[in-house]
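> Following this message is one structure expressed as structure tokens.
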Amino acid sequence: MQKHAPVLLLVNPTSGGGQARAKLPAIEATFNECKVNYRLRFTETDLHAAAIVRQALSSRPKVGIAVVGGDGTLNEAVNGFFADDGSLLGRESWLGLLPSGSGSDFARSMHLPKQGGEAVRYMLASATRSLDVGHVKYTTEHGQMAERYFLNIASFGLSGATDRIVNRSSKLLGRFAHLNGALRALHQYKPQDIELIPDGRGSIKRKSWCTVIANGQFFGGGMHIAKNANLQDGYFELIDIGTMSFLKKLSFGTSLYGNTSKLPNEVIAHRIQHLKALPSDPSSQIPIDLDGESPGFLPAEFKVLPQALRFRG
């Protein structure tokens with residue numbers, strides 16, 4: 001029988017409207033059945049998961065971090081793998097996800113099982129693989145610069161406005177919370193004039209509804225926005241959605257929940273490793289999205305960290 005490193009079982013009890021807590025008995029039973037030594041910790045506040053992970057990685061040379069939660073909790077755990085100076089903690093440790101969130105977009109990109117016991121067995125049986133991580137410098141509410149990491153997708157514009165609506169609403173609606181938030185944001189958010197500088201190749205100035213910097217393929221509770229994104233190739237897929245009529249935006253947005261492959265003419269796509277993004281009007285507040293959270297605004301700078309994190313699953 002394969003010998004496993006000790007596992008920190010990191011649970012967000014409110015994730016997915018309580019899905020994480022409901023799945024916990026089956027998850028724990030499967031760890032015990034597989035004879036894996038684990039320690040259970042619950043998150044209590046915003047960014048608590050990052051602090052718990054950082055503490056665990058500092059005290060053990062090798063540990064598995066298994067997140068029971070959604071994209072937001074996973075994002076916090078990823079941030080716990082990096083010290084304040086940007087150095088990677090726990091180089092022999094790994095991260096895993098037992099999906100229990102309302103969106104679970106990263107789990108879709110990785111084709112992870114959702115049932116508690118099945119997800120544990122799949123994770124423990126999988127080899128670790130090195131995934132790219134995104135790094136972003138962004139502007140806070142108070143106009144200061146801050147840094148954060150993301151694993152799935154960063155974006156700004158309509159998506160950031162959607163986050164702010166979704167995160168104030170009930171997660172009991174699951175993916176429909178994202179759809180409801182997106183529809184409300186469509187009415188409220190106006191397209192903004194932005195400047196994009198991808199890989200230092202020159203400036204792209206345009207009026208934009210939403211810009212996506214994709215490491216994974218899905219966002220917004222199941223929107224298949226970046227079909228060519230690959231979490232191991234050292235690149236982002238940059239997708240910018242320009243101005244279009246309300247009905248065309250609605251049609252395009254809902255089509256992303258299906259199998260559509262053709263992008264409208266108003267949408268541009270590039271393969272990049274680095275992006276500077278800023279509003280054409282410095283007074284404009286364009287909210288950013290990091291794995292379903294909205295911590296700040298443009299100006300921002302995004303870069304890929306190739307093969308930076310060991311993931312199991």
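Residues are named by chain letter and number: chains run A, B, ... in the order of the structure tokens, numbers start at 1 in each chain, and ligands are numbered from 1 in the order shown.
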Mind checking which residues fall within 6 Å of Ser15 of chain A, counting only C-alpha atoms, ignoring those fewer than 4 positions away in the same chain, and posting them as a list in words?
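Neighbouring residues, sequence-local ones excluded: Ala20, Gly69 and Gly101 of chain A.
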> Per DSSP on the backbone, filter segment 51-159 of chain A down to the residues in helix (DSSP H, G or I) and report them as number ranges by chain.
A: 51-59, 71-80, 105-110, 116-125, 158-159
> With only C-alpha atoms as the counted atoms, please give the residues lying no more than 7 Å from segment 274-290 of chain A, apart from itself and same-chain residues fewer than 5 positions off, as a PyMOL selection string.
chain A and resi 150+153-157+159-161+163+193-199+295-304
> Please compute the atom CA of Ala5 of chain A-atom CA of Asn37 of chain A distance, one decimal, in Å.
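Atom CA of Asn37 of chain A lies 7.6 Å from atom CA of Ala5 of chain A.
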